[in-house]
Amino acid sequence: MDITWGADGEHRGSLQRNQETAGRAMLSAEKSDLYVLPEMWNTGFVTVPESVAEPEDGDTLLWMQQMADRLDAAVAGSIAVREHDSARGFQYRNRLYFVMPRRKDDTTEHRTRDTTEEVNARWYDKHHLFTYGGEHLHYVAGSEQTTVEWRGVRFRLCTCYDLRFPLWLRCHDDYDALLCVASWPASRIHAWRILLQARAIENQCYVLGVNRIGCDPICQYIGGTAFVNPYGQMEACQENKADVLTRDIDMDHLRTFRKKFPVLEDADDIGLLTL
């Protein structure tokens with residue numbers, strides 16, 4: 001999707017336009033189990049978040065929950081979030097939400113630490129902040145990996161720059177699909193393609209890489225949203241075009257491949273790499 005820039009005093013209007021854009025795309029692919037939106041899909045990649053960051057129960061998260069309920073599907077995408085710390089004041093996170101439909105029998109005893117009473121969501125705070133673009137100057141890096149099991153598939157969550165760091169994303173047979181949302185500029189799109197394929201091959205997993213098109217005040221984006229199978233074979237959206245790519249994750253095939261060709265069992269121990 002092309003994202004309307006939201007950091008020039010028109011946050012409310014851009015938020016509505018981006019919700020409408022995302023909603024149309026999602027409704028064009030009904031009966032999916034998971035819908036994935038790009039990094040900071042509601043504002044564009046804003047490195048100075050004070051004017052656009054939302055509280056943890058903000059409008060964008062509630063909209064994602066409404067769409068998840070409406071489509072009976074999970075909805076994932078990152079937004080700038082504002083947290084309040086009694087000692088430090090406001091802190092900002094680039095937070096990737098994975099929002100699941102609420103069950104009618106949901107009660108607080110079923111909820112995890114990542115779930116509010118109004119929203120059935122898990123989240124991941126971007127670990128590798130993009131220092132080249134100044135993201136680290138305003139956001140706080142996350143320190144925990146997040147894996148979400150949804151309809152029989154274990155999804156590891158990551159955001160944009162994280163894709164460059166294989167040790168952070170190393171699979172120890174603890175996930176089946178890597179989900180990466182991004183605002184990855186056109187100038188480095190070759191690296192995007194190669195890294196998506198590399199992460200799929202080395203981790204014997206599916207990779208879902210979702211990138212934006214259009215431009216913001218700093219960069220141009222040509223998309224490259226792609227679905228990569230565990231062999232590294234890629235199917236991608238047409239560049240420079242708003243589009244929807246829908247594919248199936250075949251868990252039986254993945255289990256058979258991992259059992260027949262046990263790459264994950266032969267991987268180096270991370271401790272040995274630090275000697």
# chains A, B, ... in the order shown; residues from 1 in each chain; ligands from 1

call {"tool": "select_by_dssp", "arguments": {"residues": "range 32-275 of chain A", "states": "alpha helix (DSSP H)", "output": "PyMOL selection string"}}
result
chain A and resi 59-71+189-203+251-260+270-273

call {"tool": "residues_around", "arguments": {"residues": "Gly134 in chain A", "least_positions_apart": "6", "cutoff": "12 Å", "atoms": "only C-alpha atoms", "output": "JSON, numbers by chain"}}
result
{"A": [45, 46, 47, 48, 49, 128, 140]}

call {"tool": "closest_atom_pairs", "arguments": {"of": "range 145-197 of chain A", "to": "range 250-259 of chain A", "cutoff": "9 Å", "atoms": "only C-alpha atoms", "output": "Markdown table"}}
result
| residue | atom | partner | partner_atom | distance |
| --- | --- | --- | --- | --- |
| A:Gly152 | CA | A:Met251 | CA | 8.0 |
| A:Val153 | CA | A:Met251 | CA | 7.4 |
| A:Asp176 | CA | A:Leu254 | CA | 7.9 |

call {"tool": "write_last_selection", "arguments": {"atoms": "C-alpha atoms", "output": "JSON list (two decimals), in the first residue's frame"}}
result
[["chain", "number", "residue", "atom", "x", "y", "z"],
["A", 152, "GLY", "CA", -1.56, -24.11, 13.60],
["A", 153, "VAL", "CA", 1.33, -21.88, 12.47],
["A", 176, "ASP", "CA", 7.38, -21.94, 11.22]]

call {"tool": "residues_around", "arguments": {"residues": "Thr21 in chain A", "least_positions_apart": "4", "cutoff": "8 Å", "atoms": "only C-alpha atoms", "output": "PyMOL selection string"}}
result
chain A and resi 1+17+25

call {"tool": "residues_around", "arguments": {"residues": "Phe227 in chain A", "least_positions_apart": "2", "cutoff": "10 Å", "atoms": "only C-alpha atoms", "output": "ChimeraX atom specification"}}
result
/A:179,196-197,200,206-210,224-225,229,232-237,245-249

call {"tool": "residues_around", "arguments": {"residues": "Val181 in chain A", "least_positions_apart": "4", "cutoff": "10 Å", "atoms": "only C-alpha atoms", "output": "ChimeraX atom specification"}}
result
/A:36-41,76-78,96,157-163,208-212,225

call {"tool": "closest_residue", "arguments": {"among": "A:Ala73, A:Ala80, A:Ala29, A:Ala87", "to": "Ala53 in chain A", "atoms": "only C-alpha atoms"}}
result
A:Ala80

call {"tool": "atom_distance", "arguments": {"atom1": "CA of Arg164 in chain A", "atom2": "CA of Ala198 in chain A"}}
result
9.9 Å

call {"tool": "closest_residue", "arguments": {"among": "A:Asn240, A:Gln16, A:Arg82, A:Ala177", "to": "Val228 in chain A", "atoms": "only C-alpha atoms"}}
result
A:Ala177

call {"tool": "closest_residue", "arguments": {"among": "A:Ala267, A:Met64, A:Cys219, A:Cys171", "to": "Gly133 in chain A", "atoms": "only C-alpha atoms"}}
result
A:Cys219

call {"tool": "atom_distance", "arguments": {"atom1": "CA of Ile218 in chain A", "atom2": "CA of Pro166 in chain A"}}
result
27.2 Å

call {"tool": "residues_around", "arguments": {"residues": "Lys126 in chain A", "least_positions_apart": "5", "cutoff": "6 Å", "atoms": "only C-alpha atoms", "output": "ChimeraX atom specification"}}
result
/A:94,141-142,159

call {"tool": "atom_distance", "arguments": {"atom1": "CA of Pro230 in chain A", "atom2": "CA of Phe155 in chain A"}}
result
13.9 Å

call {"tool": "closest_residue", "arguments": {"among": "A:Glu202, A:His190, A:Leu61, A:Asp174", "to": "Arg122 in chain A", "atoms": "only C-alpha atoms"}}
result
A:Leu61

call {"tool": "closest_residue", "arguments": {"among": "A:Asp269, A:Glu135, A:Glu83, A:Glu118", "to": "Leu62 in chain A", "atoms": "only C-alpha atoms"}}
result
A:Glu118

call {"tool": "residues_around", "arguments": {"residues": "Val119 in chain A", "least_positions_apart": "5", "cutoff": "9 Å", "atoms": "only C-alpha atoms", "output": "list in words"}}
result
Asp57, Leu61, Leu62, Gln65, Val99, Met100, Pro101 and Arg102 of chain A

call {"tool": "write_last_selection", "arguments": {"atoms": "C-alpha atoms", "output": "compact mmCIF listing (two decimals), in the first residue's frame"}}
result
# COMPACT_ATOMS: atom_id res chain seq x y z
CA ASP A 57 -5.19 1.52 23.50
CA LEU A 61 -5.12 -0.74 17.49
CA LEU A 62 -8.87 -0.66 18.07
CA GLN A 65 -9.24 -5.37 16.39
CA VAL A 99 -4.27 -8.87 16.60
CA MET A 100 -6.57 -11.89 16.71
CA PRO A 101 -10.36 -11.98 16.65
CA ARG A 102 -12.03 -11.95 20.03

call {"tool": "decode", "arguments": {"residues": "range 43-83 of chain A", "atoms": "N, CA and C atoms", "output": "mmCIF file, in the first residue's frame"}}
result
data_model
loop_
_atom_site.group_PDB
_atom_site.id
_atom_site.type_symbol
_atom_site.label_atom_id
_atom_site.label_comp_id
_atom_site.auth_asym_id
_atom_site.auth_seq_id
_atom_site.Cartn_x
_atom_site.Cartn_y
_atom_site.Cartn_z
ATOM 1 N N THR A 43 0.946 5.878 9.460
ATOM 2 C CA THR A 43 1.533 7.214 9.418
ATOM 3 C C THR A 43 2.680 7.353 8.431
ATOM 4 N N GLY A 44 3.267 6.250 7.993
ATOM 5 C CA GLY A 44 4.562 6.281 7.347
ATOM 6 C C GLY A 44 5.650 6.168 8.404
ATOM 7 N N PHE A 45 6.888 5.913 7.953
ATOM 8 C CA PHE A 45 8.000 5.684 8.884
ATOM 9 C C PHE A 45 8.453 7.018 9.472
ATOM 10 N N VAL A 46 7.892 7.353 10.623
ATOM 11 C CA VAL A 46 8.150 8.627 11.296
ATOM 12 C C VAL A 46 9.185 8.393 12.385
ATOM 13 N N THR A 47 10.357 9.022 12.244
ATOM 14 C CA THR A 47 11.415 8.801 13.226
ATOM 15 C C THR A 47 11.298 9.744 14.425
ATOM 16 N N VAL A 48 10.504 10.794 14.314
ATOM 17 C CA VAL A 48 10.242 11.684 15.450
ATOM 18 C C VAL A 48 8.772 11.505 15.804
ATOM 19 N N PRO A 49 8.470 10.652 16.779
ATOM 20 C CA PRO A 49 7.105 10.148 16.937
ATOM 21 C C PRO A 49 6.173 10.989 17.799
ATOM 22 N N GLU A 50 6.649 12.060 18.403
ATOM 23 C CA GLU A 50 5.834 12.755 19.389
ATOM 24 C C GLU A 50 4.468 13.167 18.868
ATOM 25 N N SER A 51 4.385 13.547 17.591
ATOM 26 C CA SER A 51 3.115 14.058 17.057
ATOM 27 C C SER A 51 2.187 12.966 16.549
ATOM 28 N N VAL A 52 2.699 11.742 16.397
ATOM 29 C CA VAL A 52 1.879 10.697 15.778
ATOM 30 C C VAL A 52 1.701 9.457 16.638
ATOM 31 N N ALA A 53 2.548 9.265 17.640
ATOM 32 C CA ALA A 53 2.462 8.049 18.443
ATOM 33 C C ALA A 53 1.136 8.003 19.190
ATOM 34 N N GLU A 54 0.575 6.812 19.276
ATOM 35 C CA GLU A 54 -0.716 6.615 19.928
ATOM 36 C C GLU A 54 -0.526 5.895 21.254
ATOM 37 N N PRO A 55 -1.446 6.090 22.178
ATOM 38 C CA PRO A 55 -1.385 5.299 23.414
ATOM 39 C C PRO A 55 -1.597 3.824 23.105
ATOM 40 N N GLU A 56 -1.334 2.985 24.088
ATOM 41 C CA GLU A 56 -1.404 1.546 23.860
ATOM 42 C C GLU A 56 -2.814 1.064 23.539
ATOM 43 N N ASP A 57 -3.805 1.865 23.855
ATOM 44 C CA ASP A 57 -5.194 1.519 23.500
ATOM 45 C C ASP A 57 -5.749 2.510 22.483
ATOM 46 N N GLY A 58 -4.883 2.959 21.564
ATOM 47 C CA GLY A 58 -5.249 4.002 20.618
ATOM 48 C C GLY A 58 -6.175 3.553 19.503
ATOM 49 N N ASP A 59 -6.576 4.520 18.673
ATOM 50 C CA ASP A 59 -7.563 4.282 17.618
ATOM 51 C C ASP A 59 -7.105 3.230 16.615
ATOM 52 N N THR A 60 -5.812 3.242 16.257
ATOM 53 C CA THR A 60 -5.346 2.301 15.237
ATOM 54 C C THR A 60 -5.438 0.861 15.726
ATOM 55 N N LEU A 61 -5.027 0.621 16.947
ATOM 56 C CA LEU A 61 -5.115 -0.735 17.487
ATOM 57 C C LEU A 61 -6.573 -1.185 17.571
ATOM 58 N N LEU A 62 -7.454 -0.296 17.989
ATOM 59 C CA LEU A 62 -8.873 -0.664 18.073
ATOM 60 C C LEU A 62 -9.433 -0.950 16.681
ATOM 61 N N TRP A 63 -8.994 -0.192 15.676
ATOM 62 C CA TRP A 63 -9.433 -0.462 14.298
ATOM 63 C C TRP A 63 -8.951 -1.833 13.847
ATOM 64 N N MET A 64 -7.704 -2.177 14.168
ATOM 65 C CA MET A 64 -7.185 -3.501 13.803
ATOM 66 C C MET A 64 -8.004 -4.601 14.464
ATOM 67 N N GLN A 65 -8.411 -4.375 15.711
ATOM 68 C CA GLN A 65 -9.243 -5.366 16.387
ATOM 69 C C GLN A 65 -10.609 -5.500 15.720
ATOM 70 N N GLN A 66 -11.190 -4.371 15.332
ATOM 71 C CA GLN A 66 -12.491 -4.413 14.659
ATOM 72 C C GLN A 66 -12.404 -5.181 13.344
ATOM 73 N N MET A 67 -11.320 -4.970 12.595
ATOM 74 C CA MET A 67 -11.152 -5.691 11.338
ATOM 75 C C MET A 67 -10.909 -7.180 11.584
ATOM 76 N N ALA A 68 -10.156 -7.508 12.622
ATOM 77 C CA ALA A 68 -9.930 -8.914 12.954
ATOM 78 C C ALA A 68 -11.247 -9.604 13.297
ATOM 79 N N ASP A 69 -12.094 -8.927 14.073
ATOM 80 C CA ASP A 69 -13.397 -9.492 14.426
ATOM 81 C C ASP A 69 -14.280 -9.636 13.188
ATOM 82 N N ARG A 70 -14.282 -8.607 12.358
ATOM 83 C CA ARG A 70 -15.146 -8.602 11.169
ATOM 84 C C ARG A 70 -14.766 -9.720 10.197
ATOM 85 N N LEU A 71 -13.456 -9.939 10.011
ATOM 86 C CA LEU A 71 -12.975 -10.903 9.026
ATOM 87 C C LEU A 71 -12.675 -12.275 9.630
ATOM 88 N N ASP A 72 -12.831 -12.396 10.954
ATOM 89 C CA ASP A 72 -12.469 -13.636 11.647
ATOM 90 C C ASP A 72 -11.071 -14.063 11.250
ATOM 91 N N ALA A 73 -10.148 -13.137 11.374
ATOM 92 C CA ALA A 73 -8.764 -13.355 10.945
ATOM 93 C C ALA A 73 -7.845 -12.522 11.816
ATOM 94 N N ALA A 74 -6.561 -12.848 11.794
ATOM 95 C CA ALA A 74 -5.569 -12.022 12.478
ATOM 96 C C ALA A 74 -5.144 -10.874 11.569
ATOM 97 N N VAL A 75 -4.778 -9.749 12.203
ATOM 98 C CA VAL A 75 -4.304 -8.567 11.478
ATOM 99 C C VAL A 75 -2.993 -8.127 12.128
ATOM 100 N N ALA A 76 -1.940 -7.990 11.315
ATOM 101 C CA ALA A 76 -0.623 -7.611 11.832
ATOM 102 C C ALA A 76 -0.118 -6.363 11.121
ATOM 103 N N GLY A 77 0.581 -5.529 11.847
ATOM 104 C CA GLY A 77 1.191 -4.327 11.288
ATOM 105 C C GLY A 77 1.773 -3.496 12.410
ATOM 106 N N SER A 78 2.784 -2.687 12.113
ATOM 107 C CA SER A 78 3.429 -1.910 13.172
ATOM 108 C C SER A 78 2.956 -0.460 13.166
ATOM 109 N N ILE A 79 2.967 0.128 14.380
ATOM 110 C CA ILE A 79 2.609 1.536 14.565
ATOM 111 C C ILE A 79 3.527 2.126 15.641
ATOM 112 N N ALA A 80 3.599 3.445 15.678
ATOM 113 C CA ALA A 80 4.334 4.124 16.741
ATOM 114 C C ALA A 80 3.431 4.201 17.968
ATOM 115 N N VAL A 81 3.965 3.734 19.101
ATOM 116 C CA VAL A 81 3.188 3.658 20.337
ATOM 117 C C VAL A 81 3.869 4.490 21.424
ATOM 118 N N ARG A 82 3.054 5.144 22.230
ATOM 119 C CA ARG A 82 3.531 5.961 23.351
ATOM 120 C C ARG A 82 3.228 5.241 24.666
ATOM 121 N N GLU A 83 4.271 4.993 25.438
ATOM 122 C CA GLU A 83 4.131 4.418 26.774
ATOM 123 C C GLU A 83 4.446 5.483 27.816
#
